[in-house]
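Raw coords37.cif, mmCIF, C-alpha atoms:
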```
data_final
loop_
_atom_site.label_atom_id
_atom_site.label_comp_id
_atom_site.auth_asym_id
_atom_site.auth_seq_id
_atom_site.Cartn_x
_atom_site.Cartn_y
_atom_site.Cartn_z
CA MET A 26 -24.82 39.51 -63.74
CA THR A 27 -25.35 40.91 -60.39
CA ARG A 28 -28.47 38.87 -59.86
CA PHE A 29 -26.62 35.73 -60.99
CA SER A 30 -23.82 36.40 -58.54
CA THR A 31 -26.34 36.84 -55.77
CA LEU A 32 -27.90 33.45 -56.59
CA LEU A 33 -24.49 31.81 -56.57
CA VAL A 34 -23.70 33.28 -53.14
CA GLY A 35 -27.12 32.17 -51.85
CA ALA A 36 -26.60 28.66 -53.18
CA ALA A 37 -23.16 28.50 -51.59
CA ALA A 38 -24.62 29.60 -48.24
CA LEU A 39 -27.37 26.98 -48.40
CA SER A 40 -24.80 24.37 -49.29
CA SER A 41 -22.60 25.30 -46.35
CA ALA A 42 -25.54 25.20 -43.96
CA ALA A 43 -26.50 21.74 -45.17
CA ALA A 44 -22.94 20.56 -44.75
CA LEU A 45 -22.81 21.85 -41.15
CA ALA A 46 -26.13 20.18 -40.36
CA PHE A 47 -24.79 16.90 -41.70
CA ALA A 48 -21.59 17.31 -39.73
CA PHE A 49 -23.47 17.78 -36.47
CA SER A 50 -25.66 14.77 -37.20
CA SER A 51 -22.69 12.48 -37.84
CA ASN A 52 -20.31 10.98 -35.27
CA ASN A 53 -17.43 10.74 -37.71
CA VAL A 54 -17.28 14.28 -38.99
CA VAL A 55 -14.82 16.91 -37.87
CA VAL A 56 -16.26 19.67 -35.69
CA GLY A 57 -13.61 22.26 -34.99
CA PRO A 58 -10.11 20.84 -34.69
CA PHE A 59 -11.25 17.48 -33.18
CA PRO A 60 -13.96 14.90 -33.94
CA ARG A 61 -17.17 15.08 -31.90
CA SER A 62 -16.25 11.80 -30.18
CA PHE A 63 -13.29 13.60 -28.64
CA TYR A 64 -15.52 16.16 -26.97
CA SER A 65 -17.81 13.44 -25.63
CA SER A 66 -14.80 11.63 -24.11
CA ALA A 67 -13.51 14.88 -22.59
CA SER A 68 -16.91 15.54 -21.05
CA ARG A 69 -17.00 12.06 -19.53
CA SER A 70 -13.44 12.55 -18.17
CA SER A 71 -14.43 15.86 -16.55
CA SER A 72 -17.41 14.20 -14.85
CA LEU A 73 -15.17 11.40 -13.59
CA HIS A 74 -12.65 13.90 -12.19
CA SER A 75 -15.45 15.78 -10.42
CA SER A 76 -16.75 12.54 -8.95
CA LEU A 77 -13.29 11.56 -7.72
CA SER A 78 -12.84 15.00 -6.12
CA ASN A 79 -16.15 14.62 -4.29
CA ASN A 80 -15.07 11.20 -3.09
CA ASP A 81 -11.77 12.65 -1.87
CA ASN A 82 -13.64 15.37 0.04
CA ASP A 83 -15.95 12.79 1.60
CA ASN A 84 -13.00 10.63 2.60
CA GLY A 85 -11.23 13.65 4.10
CA ALA A 86 -14.30 14.54 6.17
CA LEU A 87 -14.63 10.95 7.37
CA ASN A 88 -10.97 10.81 8.28
CA LYS A 89 -11.26 14.09 10.20
CA LEU A 90 -14.34 12.85 12.04
CA SER A 91 -12.59 9.56 12.82
CA ALA A 92 -9.58 11.44 14.22
CA GLU A 93 -11.84 13.64 16.37
CA LEU A 94 -13.66 10.59 17.76
CA LYS A 95 -10.35 8.87 18.45
CA GLU A 96 -9.11 11.93 20.36
CA LEU A 97 -12.36 12.05 22.31
CA ALA A 98 -12.07 8.36 23.22
CA GLU A 99 -8.44 8.75 24.30
CA CYS A 100 -9.26 11.75 26.48
CA ALA A 101 -12.19 9.89 28.04
CA SER A 102 -9.82 7.02 28.78
CA LEU A 103 -7.37 9.43 30.44
CA VAL A 104 -10.10 10.83 32.69
CA TYR A 105 -11.30 7.33 33.58
CA ASN A 106 -7.77 6.25 34.51
CA TYR A 107 -7.36 9.26 36.78
CA LEU A 108 -10.74 8.71 38.44
CA SER A 109 -10.29 4.97 38.92
CA LYS A 110 -6.94 5.24 40.69
CA PRO A 111 -7.39 4.21 44.36
CA ASP A 112 -7.05 7.07 46.85
CA GLU A 113 -4.45 5.34 48.99
CA SER A 114 -2.18 4.61 46.01
CA VAL A 115 -1.78 8.25 44.95
CA SER A 116 1.62 9.78 45.67
CA ALA A 117 3.38 13.08 45.07
CA GLN A 118 5.11 11.46 42.08
CA ASP A 119 1.72 10.88 40.42
CA VAL A 120 0.89 14.56 40.79
CA LEU A 121 4.22 15.58 39.27
CA LEU A 122 3.69 13.23 36.31
CA ALA A 123 0.26 14.78 35.78
CA CYS A 124 1.89 18.22 35.79
CA ASP A 125 4.31 17.01 33.12
CA ALA A 126 1.39 15.70 31.05
CA VAL A 127 -0.40 19.06 31.29
CA ASP A 128 2.74 20.90 30.18
CA SER A 129 3.30 18.50 27.27
CA ALA A 130 -0.28 18.82 26.07
CA ALA A 131 -0.10 22.62 26.28
CA ALA A 132 3.19 22.66 24.34
CA ALA A 133 1.78 20.35 21.64
CA THR A 134 -1.26 22.59 21.24
CA ALA A 135 0.89 25.72 20.93
CA SER A 136 3.37 24.20 18.46
CA SER A 137 0.73 23.06 15.97
CA SER A 138 -1.67 25.97 16.29
CA SER A 139 -1.24 26.96 12.63
CA SER A 140 -1.65 23.46 11.18
CA GLU A 141 -4.67 22.98 8.91
CA SER A 142 -4.97 19.35 9.99
CA LYS A 143 -5.23 20.28 13.65
CA LEU A 144 -8.12 18.67 15.50
CA TYR A 145 -11.04 20.84 16.54
CA LEU A 146 -11.07 19.26 20.04
CA ASP A 147 -7.45 20.25 20.44
CA GLN A 148 -7.38 23.61 18.70
CA TYR A 149 -10.50 25.17 20.19
CA ILE A 150 -11.30 23.12 23.29
CA HIS A 151 -7.80 21.95 24.34
CA LEU A 152 -9.47 18.74 25.42
CA ARG A 153 -6.32 16.71 26.10
CA GLN A 154 -4.78 19.46 28.20
CA LYS A 155 -8.01 19.93 30.15
CA SER A 156 -8.30 16.17 30.66
CA HIS A 157 -4.87 16.12 32.30
CA GLU A 158 -5.71 19.22 34.37
CA PHE A 159 -8.90 17.55 35.57
CA GLY A 160 -6.98 14.39 36.36
CA ARG A 161 -4.29 16.32 38.23
CA TYR A 162 -6.97 17.95 40.38
CA GLN A 163 -8.50 14.55 41.11
CA LEU A 164 -5.12 13.16 42.14
CA LEU A 165 -4.67 16.07 44.55
CA VAL A 166 -8.13 15.42 46.00
CA LYS A 167 -7.31 11.74 46.48
CA LEU A 168 -4.03 12.65 48.18
CA LEU A 169 -5.89 15.16 50.35
CA LYS A 170 -8.28 12.42 51.46
CA SER A 171 -5.64 9.79 52.16
CA ASP A 172 -2.67 11.79 53.56
CA TYR A 173 -3.23 15.43 54.50
CA ASP A 174 0.39 16.15 55.43
CA ALA A 175 1.65 14.69 52.14
CA TYR A 176 -0.94 16.78 50.30
CA VAL A 177 0.21 20.00 51.97
CA LYS A 178 3.87 19.30 51.16
CA THR A 179 3.05 18.39 47.56
CA ALA A 180 0.85 21.46 47.09
CA GLU A 181 3.59 23.72 48.46
CA PHE A 182 6.10 22.14 46.06
CA VAL A 183 4.03 22.54 42.87
CA SER A 184 2.22 25.80 43.64
CA PRO A 185 2.38 28.40 42.29
CA SER A 186 5.22 27.41 39.93
CA ARG A 187 3.28 24.63 38.19
CA ILE A 188 -0.24 24.86 39.57
CA PRO A 189 -1.91 28.21 40.29
CA ARG A 190 -2.93 28.49 43.94
CA GLY A 191 -6.54 28.97 42.91
CA GLU A 192 -6.55 25.52 41.25
CA LEU A 193 -5.62 23.64 44.44
CA PRO A 194 -8.50 21.78 46.08
CA ASN A 195 -7.65 23.21 49.52
CA VAL A 196 -5.17 25.90 50.66
CA GLN A 197 -5.85 26.45 54.35
CA ASP A 198 -2.44 25.13 55.52
CA VAL A 199 -0.55 25.53 52.23
CA THR A 200 2.24 28.12 52.44
CA TYR A 201 1.97 30.96 49.94
CA ASN A 202 5.37 30.64 48.29
CA ILE A 203 5.37 33.94 46.39
CA LEU A 204 5.72 35.84 49.64
CA PRO A 205 9.13 36.79 51.06
CA THR A 206 10.57 34.15 53.39
CA SER A 207 9.97 36.38 56.40
CA ALA A 208 6.27 36.64 55.60
CA VAL A 209 5.56 33.02 54.71
CA THR A 210 4.72 32.10 58.30
CA LEU A 211 3.10 34.25 60.93
CA ALA A 212 5.94 36.31 62.30
CA THR A 213 5.66 37.28 65.96
CA VAL A 214 6.38 40.91 66.69
CA ILE A 215 6.87 42.31 70.20
CA GLY A 216 4.76 45.41 70.80
CA GLU A 217 5.66 48.53 72.77
CA ASP A 218 4.06 47.08 75.88
CA GLY A 219 6.03 43.85 75.55
CA GLN A 220 3.04 41.87 74.29
CA PRO A 221 3.42 39.54 71.27
CA LEU A 222 1.75 40.79 68.08
CA VAL A 223 0.97 39.14 64.74
CA ALA A 224 2.49 40.63 61.58
CA ASP A 225 0.07 42.26 59.14
CA CYS A 226 -0.68 40.82 55.69
CA THR A 227 1.82 42.10 53.12
CA LEU A 228 -0.16 41.20 49.98
CA GLN A 229 -1.59 43.95 47.82
CA GLU A 230 -5.06 44.99 48.88
CA LEU A 231 -7.95 43.81 46.74
CA THR A 232 -10.44 46.27 45.28
CA TYR A 233 -13.99 45.00 45.70
CA ASN A 234 -16.70 45.69 43.14
CA ASP A 235 -20.01 45.41 44.95
CA SER A 236 -23.03 44.34 42.93
CA PRO A 237 -26.48 45.91 43.47
CA LEU A 238 -27.38 42.81 45.52
CA ASP A 239 -24.27 43.27 47.68
CA LYS A 240 -25.20 46.89 48.35
CA LEU A 241 -28.78 45.99 49.23
CA LEU A 242 -27.77 43.18 51.60
CA LEU A 243 -25.13 45.37 53.25
CA SER A 244 -27.69 48.12 53.84
CA ILE A 245 -30.12 45.66 55.43
CA PHE A 246 -27.33 44.11 57.51
CA ARG A 247 -26.17 47.49 58.83
CA ASN A 248 -29.70 48.43 59.86
CA LEU A 249 -30.03 45.12 61.70
CA VAL A 250 -26.69 45.72 63.46
CA THR A 251 -27.95 49.11 64.62
CA THR A 252 -31.08 47.45 65.99
CA HIS A 253 -29.29 44.61 67.81
CA THR A 254 -26.54 46.82 69.31
CA GLY A 255 -28.95 49.26 70.89
CA GLY A 256 -28.44 52.02 68.33
CA VAL A 257 -24.76 51.82 67.36
CA SER A 258 -24.44 53.40 63.90
CA SER A 259 -21.97 55.18 61.62
CA ASP A 260 -22.16 57.73 58.83
CA ILE A 261 -19.27 56.05 56.98
CA PRO A 262 -20.60 54.38 53.80
CA GLY A 263 -20.13 50.76 52.75
CA ILE A 264 -18.27 47.97 54.51
CA LYS A 265 -16.05 50.42 56.37
CA GLY A 266 -19.14 51.90 58.00
CA LEU A 267 -20.24 48.42 59.11
CA LEU A 268 -16.78 47.78 60.56
CA ALA A 269 -16.88 51.12 62.36
CA GLN A 270 -20.15 50.02 63.95
CA GLY A 271 -18.64 46.69 64.93
CA ARG A 272 -15.48 48.26 66.35
CA GLN A 273 -17.48 50.78 68.34
CA TYR A 274 -19.63 48.02 69.82
CA MET A 275 -16.64 45.75 70.55
CA THR A 276 -14.60 48.47 72.30
CA MET A 277 -17.43 50.23 74.14
CA GLU A 278 -17.02 51.12 77.81
CA LEU A 279 -18.72 48.40 79.85
CA PRO A 280 -20.87 48.81 82.96
CA GLU A 281 -19.30 47.93 86.28
CA GLY A 282 -19.20 44.20 86.87
CA VAL A 283 -19.29 43.31 83.15
CA THR A 284 -16.06 41.99 81.69
CA TYR A 285 -14.90 41.91 78.11
CA ALA A 286 -15.11 38.11 78.30
CA ASP A 287 -18.84 38.59 78.93
CA HIS A 288 -19.02 41.16 76.18
CA THR A 289 -17.55 38.79 73.59
CA LYS A 290 -20.59 36.56 74.13
CA ALA A 291 -22.83 39.58 73.63
CA GLN A 292 -21.08 40.22 70.32
CA HIS A 293 -21.71 36.63 69.24
CA THR A 294 -25.39 36.95 70.11
CA MET A 295 -25.66 40.25 68.24
CA VAL A 296 -24.20 38.75 65.05
CA LYS A 297 -26.35 35.62 65.28
CA ASN A 298 -29.50 37.73 65.69
CA THR A 299 -28.43 39.87 62.74
CA LEU A 300 -27.82 36.81 60.54
CA GLY A 301 -31.21 35.42 61.55
CA GLY A 302 -32.88 38.68 60.61
CA LEU A 303 -31.07 38.77 57.27
CA MET A 304 -32.26 35.25 56.43
CA THR A 305 -35.87 36.23 57.34
CA PRO A 306 -38.17 33.90 59.35
CA VAL A 307 -38.71 31.73 56.27
CA LEU A 308 -35.24 30.48 55.29
CA PRO A 309 -33.97 28.91 58.56
CA PRO A 310 -36.93 26.47 58.94
CA PHE A 311 -36.66 25.56 55.25
CA TYR A 312 -32.93 24.92 55.61
CA ARG A 313 -33.40 22.88 58.79
CA ILE A 314 -35.84 20.53 57.06
CA PHE A 315 -34.42 20.15 53.57
CA MET A 316 -30.71 20.52 54.28
CA SER A 317 -30.12 19.51 57.90
CA GLY A 318 -32.85 16.86 58.10
CA ILE A 319 -34.51 18.19 61.26
CA VAL A 320 -38.09 16.95 61.66
CA PRO A 321 -40.52 19.90 61.96
CA LYS A 322 -43.17 20.13 64.64
CA LEU A 323 -45.95 17.89 63.40
CA GLY A 324 -47.25 16.59 66.72
CA THR A 325 -45.28 13.35 66.52
CA GLU A 326 -42.67 11.75 68.74
CA PHE A 327 -40.00 12.63 66.16
CA ASP A 328 -40.55 16.40 66.35
CA GLY A 329 -37.23 18.27 66.50
CA LYS A 330 -35.10 15.18 65.96
CA GLN A 331 -32.31 15.43 63.40
CA ILE A 332 -31.90 12.63 60.90
CA GLY A 333 -29.46 14.60 58.76
CA PRO A 334 -27.71 16.61 57.57
CA TRP A 335 -28.47 15.24 54.15
CA PHE A 336 -25.48 14.18 52.09
CA TYR A 337 -25.87 17.11 49.69
CA ALA A 338 -26.18 19.82 52.37
CA PRO A 339 -22.49 20.83 52.74
CA TRP A 340 -21.87 20.87 48.98
CA LEU A 341 -25.08 22.74 48.09
CA THR A 342 -24.47 25.28 50.86
CA SER A 343 -21.00 25.98 49.47
CA ILE A 344 -22.55 26.59 46.04
CA VAL A 345 -25.19 29.07 47.27
CA THR A 346 -23.17 30.97 49.88
CA PRO A 347 -20.88 33.02 47.57
CA THR A 348 -23.85 34.86 46.07
CA PHE A 349 -25.35 35.98 49.38
CA PHE A 350 -22.31 36.55 51.60
CA GLY A 351 -20.09 38.37 49.13
CA PHE A 352 -21.15 41.70 50.64
CA LEU A 353 -19.36 40.70 53.87
CA VAL A 354 -16.37 38.64 52.74
CA GLY A 355 -15.84 39.45 49.06
CA PRO A 356 -15.26 36.95 46.22
CA SER A 357 -15.30 33.26 47.14
CA LYS A 358 -15.71 29.93 45.39
CA PRO A 359 -16.40 26.29 46.33
CA ASN A 360 -13.43 24.04 47.04
CA ARG A 361 -12.71 20.93 49.14
CA ARG A 362 -12.62 20.64 52.91
CA SER A 363 -9.44 19.46 54.62
CA ASP A 364 -10.79 15.88 54.53
CA GLY A 365 -11.12 16.10 50.74
CA GLN A 366 -14.92 16.08 50.74
CA ARG A 367 -17.12 18.61 49.00
CA GLY A 368 -18.57 21.40 51.10
CA GLY A 369 -15.59 23.71 51.29
CA LEU A 370 -15.53 27.36 50.31
CA ILE A 371 -12.47 29.57 49.97
CA VAL A 372 -12.69 33.33 50.42
CA GLU A 373 -9.96 34.67 48.12
CA LYS A 374 -9.12 37.73 50.26
CA CYS A 375 -11.58 38.48 53.01
CA LYS A 376 -13.14 41.92 52.74
CA PHE A 377 -14.07 41.90 56.44
CA LEU A 378 -10.49 41.14 57.51
CA GLN A 379 -8.71 43.33 54.96
CA GLU A 380 -10.76 46.43 55.70
CA SER A 381 -10.76 45.98 59.49
CA GLY A 382 -7.21 44.74 60.06
CA CYS A 383 -8.54 43.43 63.37
CA LYS A 384 -8.38 39.88 64.73
CA GLY A 385 -10.96 40.69 67.39
CA LEU A 386 -13.60 41.68 64.85
CA CYS A 387 -12.72 38.65 62.72
CA LEU A 388 -12.99 36.30 65.70
CA HIS A 389 -16.00 37.64 67.57
CA GLN A 390 -18.09 39.17 64.81
CA CYS A 391 -17.49 36.61 62.08
CA LYS A 392 -15.76 33.30 62.86
CA ILE A 393 -17.32 32.22 66.17
CA PRO A 394 -20.86 33.60 65.64
CA ALA A 395 -21.03 32.16 62.10
CA GLN A 396 -20.03 28.72 63.40
CA GLU A 397 -22.56 28.92 66.22
CA PHE A 398 -25.34 30.22 63.99
CA PHE A 399 -25.01 27.39 61.48
CA LYS A 400 -24.96 24.75 64.21
CA GLU A 401 -27.61 26.17 66.52
CA GLU A 402 -30.05 27.72 64.05
CA LEU A 403 -29.51 25.70 60.86
CA GLY A 404 -28.35 22.34 62.19
CA LEU A 405 -25.12 22.11 60.16
CA ASP A 406 -21.59 22.17 61.56
CA LEU A 407 -19.25 24.81 60.16
CA THR A 408 -15.54 25.50 60.58
CA VAL A 409 -14.22 28.96 59.66
CA LYS A 410 -10.40 29.20 59.41
CA PRO A 411 -8.93 32.63 58.56
CA ASN A 412 -5.37 32.88 57.23
CA PHE A 413 -3.83 36.08 58.56
CA VAL A 414 -0.80 35.81 56.25
CA THR A 415 -2.85 35.88 53.03
CA GLN A 416 -6.25 37.04 54.36
CA GLU A 417 -7.82 33.99 52.72
CA CYS A 418 -10.50 32.22 54.73
CA GLN A 419 -11.55 28.58 54.51
CA TRP A 420 -15.19 27.75 55.28
CA SER A 421 -15.89 24.04 55.69
CA PHE A 422 -19.58 23.15 55.90
CA GLY A 423 -20.29 19.90 57.70
CA GLU A 424 -16.94 19.97 59.55
CA VAL A 425 -16.98 20.14 63.36
CA PRO A 426 -15.00 23.21 64.51
CA VAL A 427 -12.17 23.12 67.02
CA SER A 428 -12.28 25.72 69.80
CA VAL A 429 -9.95 28.67 69.36
CA GLU A 430 -8.07 27.66 72.52
CA GLU A 431 -7.32 24.24 71.00
CA ASP A 432 -6.65 25.45 67.45
CA THR A 433 -2.87 25.59 67.10
CA SER A 434 -3.17 27.29 63.68
CA PHE A 435 -4.94 30.30 65.18
CA PRO A 436 -2.23 32.82 66.20
CA LYS A 437 -2.14 34.47 69.60
CA GLY A 438 -2.00 38.22 70.00
CA CYS A 439 -3.28 41.25 68.12
CA LEU A 440 -2.35 42.32 64.59
CA VAL A 441 0.39 44.94 64.43
CA GLY A 442 -1.71 47.53 62.61
CA CYS A 443 -4.94 46.96 64.54
CA GLU A 444 -6.80 50.18 65.39
CA SER A 445 -8.88 48.47 68.07
CA ARG A 446 -5.77 47.82 70.19
CA LYS A 447 -5.11 51.54 70.42
CA VAL A 448 -8.66 52.17 71.60
CA MET A 449 -8.45 49.39 74.20
CA ALA A 450 -5.03 50.39 75.55
CA GLY A 451 -4.97 50.31 79.35
CA ARG A 452 -8.31 48.55 79.81
CA LYS A 453 -8.55 45.42 81.95
CA SER A 454 -8.86 41.97 80.30
CA ALA A 455 -8.87 43.60 76.85
CA ASP A 456 -6.58 40.86 75.55
CA VAL A 457 -9.55 38.47 75.49
CA LEU A 458 -10.77 40.23 72.34
CA CYS A 459 -7.94 38.84 70.22
CA MET A 460 -7.27 35.65 72.24
#
```

For the structure just supplied, provide its representation as structure tokens.
Amino acid sequence: MTRFSTLLVGAAALSSAAALAFAFSSNNVVVGPFPRSFYSSASRSSSLHSSLSNNDNDNGALNKLSAELKELAECASLVYNYLSKPDESVSAQDVLLACDAVDSAAAATASSSSSESKLYLDQYIHLRQKSHEFGRYQLLVKLLKSDYDAYVKTAEFVSPSRIPRGELPNVQDVTYNILPTSAVTLATVIGEDGQPLVADCTLQELTYNDSPLDKLLLSIFRNLVTTHTGGVSSDIPGIKGLLAQGRQYMTMELPEGVTYADHTKAQHTMVKNTLGGLMTPVLPPFYRIFMSGIVPKLGTEFDGKQIGPWFYAPWLTSIVTPTFFGFLVGPSKPNRRSDGQRGGLIVEKCKFLQESGCKGLCLHQCKIPAQEFFKEELGLDLTVKPNFVTQECQWSFGEVPVSVEEDTSFPKGCLVGCESRKVMAGRKSADVLCM
């Protein structure tokens, strides 16, 4: 009985297996709750949905790329429109409209910063805002070229409230509007001896971080000053030690028959010799040929004749200078000259002037000798214009300087806090040091 039951169970199992095999081999049999055809249709539907999703993703990527390219084209068009505007047609109103465009672009970027659909060029590069900022700068340059007085008035109106002072193409005659009204222009103060004095700079002093190159160049420069002053030296470290050397040389007791007017020329010569030594015998001839266009001595009739300066000389000089003169003047960067051309350089807050507080040192051991050195030794005109209100200083390579006597922007008299004036008190013709 047991064996028979076992056979019946085995037969039933074989029968069931055969039935399942037949079911799987037939398209019309039920497999699970639905026919096999249903599962085939579902599979095809899933594939179709996947394909449509991929197409949607591709379309989204194409749309995003198209939007990015459109933004790029529109920004390029903005820049072109700014650049193509004629210089003489630019007005203060154009600059104000550009300021509005910058503000609008910045606000639009900030308001949609969390949007997933935000453009990459806008979110990460701020391309539209930068396009308007670039255009605004170009409009200011065009105005600077065509109407200097209008440029100065416009720059004073929009800076620093809408344009940071550092983003103006030129600042040499632009009033610094964050200062108190009394300090905006050079206030004349009457000294104890009745002589007119120039008010000191009221801006916070800048802390200078000298690089290893700055320290090396300053050390070389100080040694050269000692050599060319007949041994004048100082134990004070850094730039203050150099200024102590310069002050000692400027205020030294002179031999009988030698005036301080004569001695100012000796100071100029000392600085020019020092600059020549710093540049080594190699650099000046190289500069004269490849920057100033002076024909070297080759035994021809053209020897020594100047056919330059080359068009790139002022601009390239303004690019190189900040690296090698930072040890004397501190941070600086290229900007535009007062005629709107390249070749300008703005010293943000002159180290030499801040640390000395002396117009005489500024005039006779920096401004005049630097101008003369570039013209006489390098063949390139240079104008140096210090601003005693802000202690900025504008260097304009390729610009013919005006004499101090004719320069109405150069104030007369000594600075109120000048230490040199105390040393020179009572000496004859000492006023020539500060003009």

*Exactly which residues make up the result of the PyMOL selection byres ((chain A and resi 240) around 12) on this file, given as a ChimeraX atom specification?*
/A:233-239,241-247,262-264,267,349-353,355

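We find atom CA of A:Thr346 and atom CA of A:Glu158 to be spaced 26.1 Å apart.
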
_Just want the 7 Å neighbourhood of stretch 422-432 of chain A, counted on only C-alpha atoms, with same-chain residues fewer than 4 positions away dropped. Output as a PyMOL selection string._
chain A and resi 339+368-369+405-408

Writing out the chosen residues with C-alpha atoms as a CSV table (one decimal), in the frame of the given file:
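Final file, again22.csv:
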```
chain,number,residue,atom,x,y,z
A,339,PRO,CA,-22.5,20.8,52.7
A,368,GLY,CA,-18.6,21.4,51.1
A,369,GLY,CA,-15.6,23.7,51.3
A,405,LEU,CA,-25.1,22.1,60.2
A,406,ASP,CA,-21.6,22.2,61.6
A,407,LEU,CA,-19.2,24.8,60.2
A,408,THR,CA,-15.5,25.5,60.6
```

Specify as a PDB file with C-alpha atoms, keeping the file's coordinate frame each residue included when the PyMOL selection byres ((chain A and resi 360) around 8) is applied to this file.
```pdb
ATOM      1  CA  PRO A 194      -8.500  21.780  46.080  1.00  0.00           C
ATOM      2  CA  ASN A 195      -7.650  23.210  49.520  1.00  0.00           C
ATOM      3  CA  LYS A 358     -15.710  29.930  45.390  1.00  0.00           C
ATOM      4  CA  PRO A 359     -16.400  26.290  46.330  1.00  0.00           C
ATOM      5  CA  ARG A 361     -12.710  20.930  49.140  1.00  0.00           C
ATOM      6  CA  ARG A 362     -12.620  20.640  52.910  1.00  0.00           C
ATOM      7  CA  ARG A 367     -17.120  18.610  49.000  1.00  0.00           C
ATOM      8  CA  GLY A 368     -18.570  21.400  51.100  1.00  0.00           C
ATOM      9  CA  GLY A 369     -15.590  23.710  51.290  1.00  0.00           C
ATOM     10  CA  LEU A 370     -15.530  27.360  50.310  1.00  0.00           C
ATOM     11  CA  ILE A 371     -12.470  29.570  49.970  1.00  0.00           C
TER      12      ILE A 371
END
```

*Neighbours of A:Tyr107 within 12 Å (only C-alpha atoms; same-chain residues fewer than 5 positions away dropped), as a list in words?*
Cys100, Ala101, Ser102, Asp112, Ser114, Val115, Asp119, Val120, Leu122, Ala123, Ser156, His157, Glu158, Phe159, Gly160, Arg161, Tyr162, Gln163, Leu164, Leu165, Val166 and Lys167 of chain A

*For the atom pair atom CA of A:Glu401 and atom CA of A:Cys418, what is the interatomic distance in Å to one decimal place?*
21.6 Å

_Evaluated on this file, the PyMOL selection byres ((chain A and resi 146) around 10) picks out some residues - which ones are they, written as a PyMOL selection string?_
chain A and resi 92-94+96-97+143-145+147-153

*Identify the residues around (-0.6, 42.1, 57.8) within a radius of 8 Å, measuring from all atoms listed in the file in the coordinates stated by the file, and give them as a count of residues only.*
12

*Smallest atom-to-atom distance to A:Lys322: which of A:Pro334, A:Pro310, A:Gly438, A:Gly302, using only C-alpha atoms?*
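Checking each of A:Pro334, A:Pro310, A:Gly438, A:Gly302 against A:Lys322, counting only C-alpha atoms, the winner is A:Pro310.
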
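Among the candidate residues A:Gly255, A:Gly329, A:Pro189, A:Gly365, the one lying nearest to A:Tyr176 is A:Gly365, with distances computed using all atoms listed in the file.
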
*For atom CA of A:Gln197 and atom CA of A:Pro221, quote the distance in Å rounded to one decimal.*
23.3 Å

*Would you be able to write out as a list of chain:residue names which residues have an atom within 10 Å of (-7.0, 47.8, 65.6) in the file's coordinates, counting all atoms listed in the file?*
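All residues meeting the 10 Å criterion around (-7.0, 47.8, 65.6) are A:Arg272, A:Ser381, A:Gly382, A:Cys383, A:Lys384, A:Gly385, A:Leu386, A:Cys439, A:Leu440, A:Val441, A:Gly442, A:Cys443, A:Glu444, A:Ser445, A:Arg446, A:Lys447, A:Val448, A:Met449.
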
Residue neighbourhood A:Lys297, 10 Å, only C-alpha atoms, exclusion window fewer than 6 positions, as a CSV table (one decimal) with C-alpha atoms, in the frame of the given file:
```csv
chain,number,residue,atom,x,y,z
A,253,HIS,CA,-29.3,44.6,67.8
A,291,ALA,CA,-22.8,39.6,73.6
A,303,LEU,CA,-31.1,38.8,57.3
A,390,GLN,CA,-18.1,39.2,64.8
A,391,CYS,CA,-17.5,36.6,62.1
A,393,ILE,CA,-17.3,32.2,66.2
A,394,PRO,CA,-20.9,33.6,65.6
A,395,ALA,CA,-21.0,32.2,62.1
A,396,GLN,CA,-20.0,28.7,63.4
A,397,GLU,CA,-22.6,28.9,66.2
A,398,PHE,CA,-25.3,30.2,64.0
A,399,PHE,CA,-25.0,27.4,61.5
A,401,GLU,CA,-27.6,26.2,66.5
A,402,GLU,CA,-30.0,27.7,64.0
```

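For the choices A:Asn412, A:Thr254, A:Ser317, A:Gln270, the atom-to-atom distance to A:Gln331 is smallest for A:Ser317 when using only C-alpha atoms.
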
*Taking all atoms listed in the file into account, which of A:Val214, A:Met275, A:Leu193, A:Leu231 comes nearest A:Gln292?*
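Once distances to A:Gln292 are computed over all atoms listed in the file, the minimum belongs to A:Met275.
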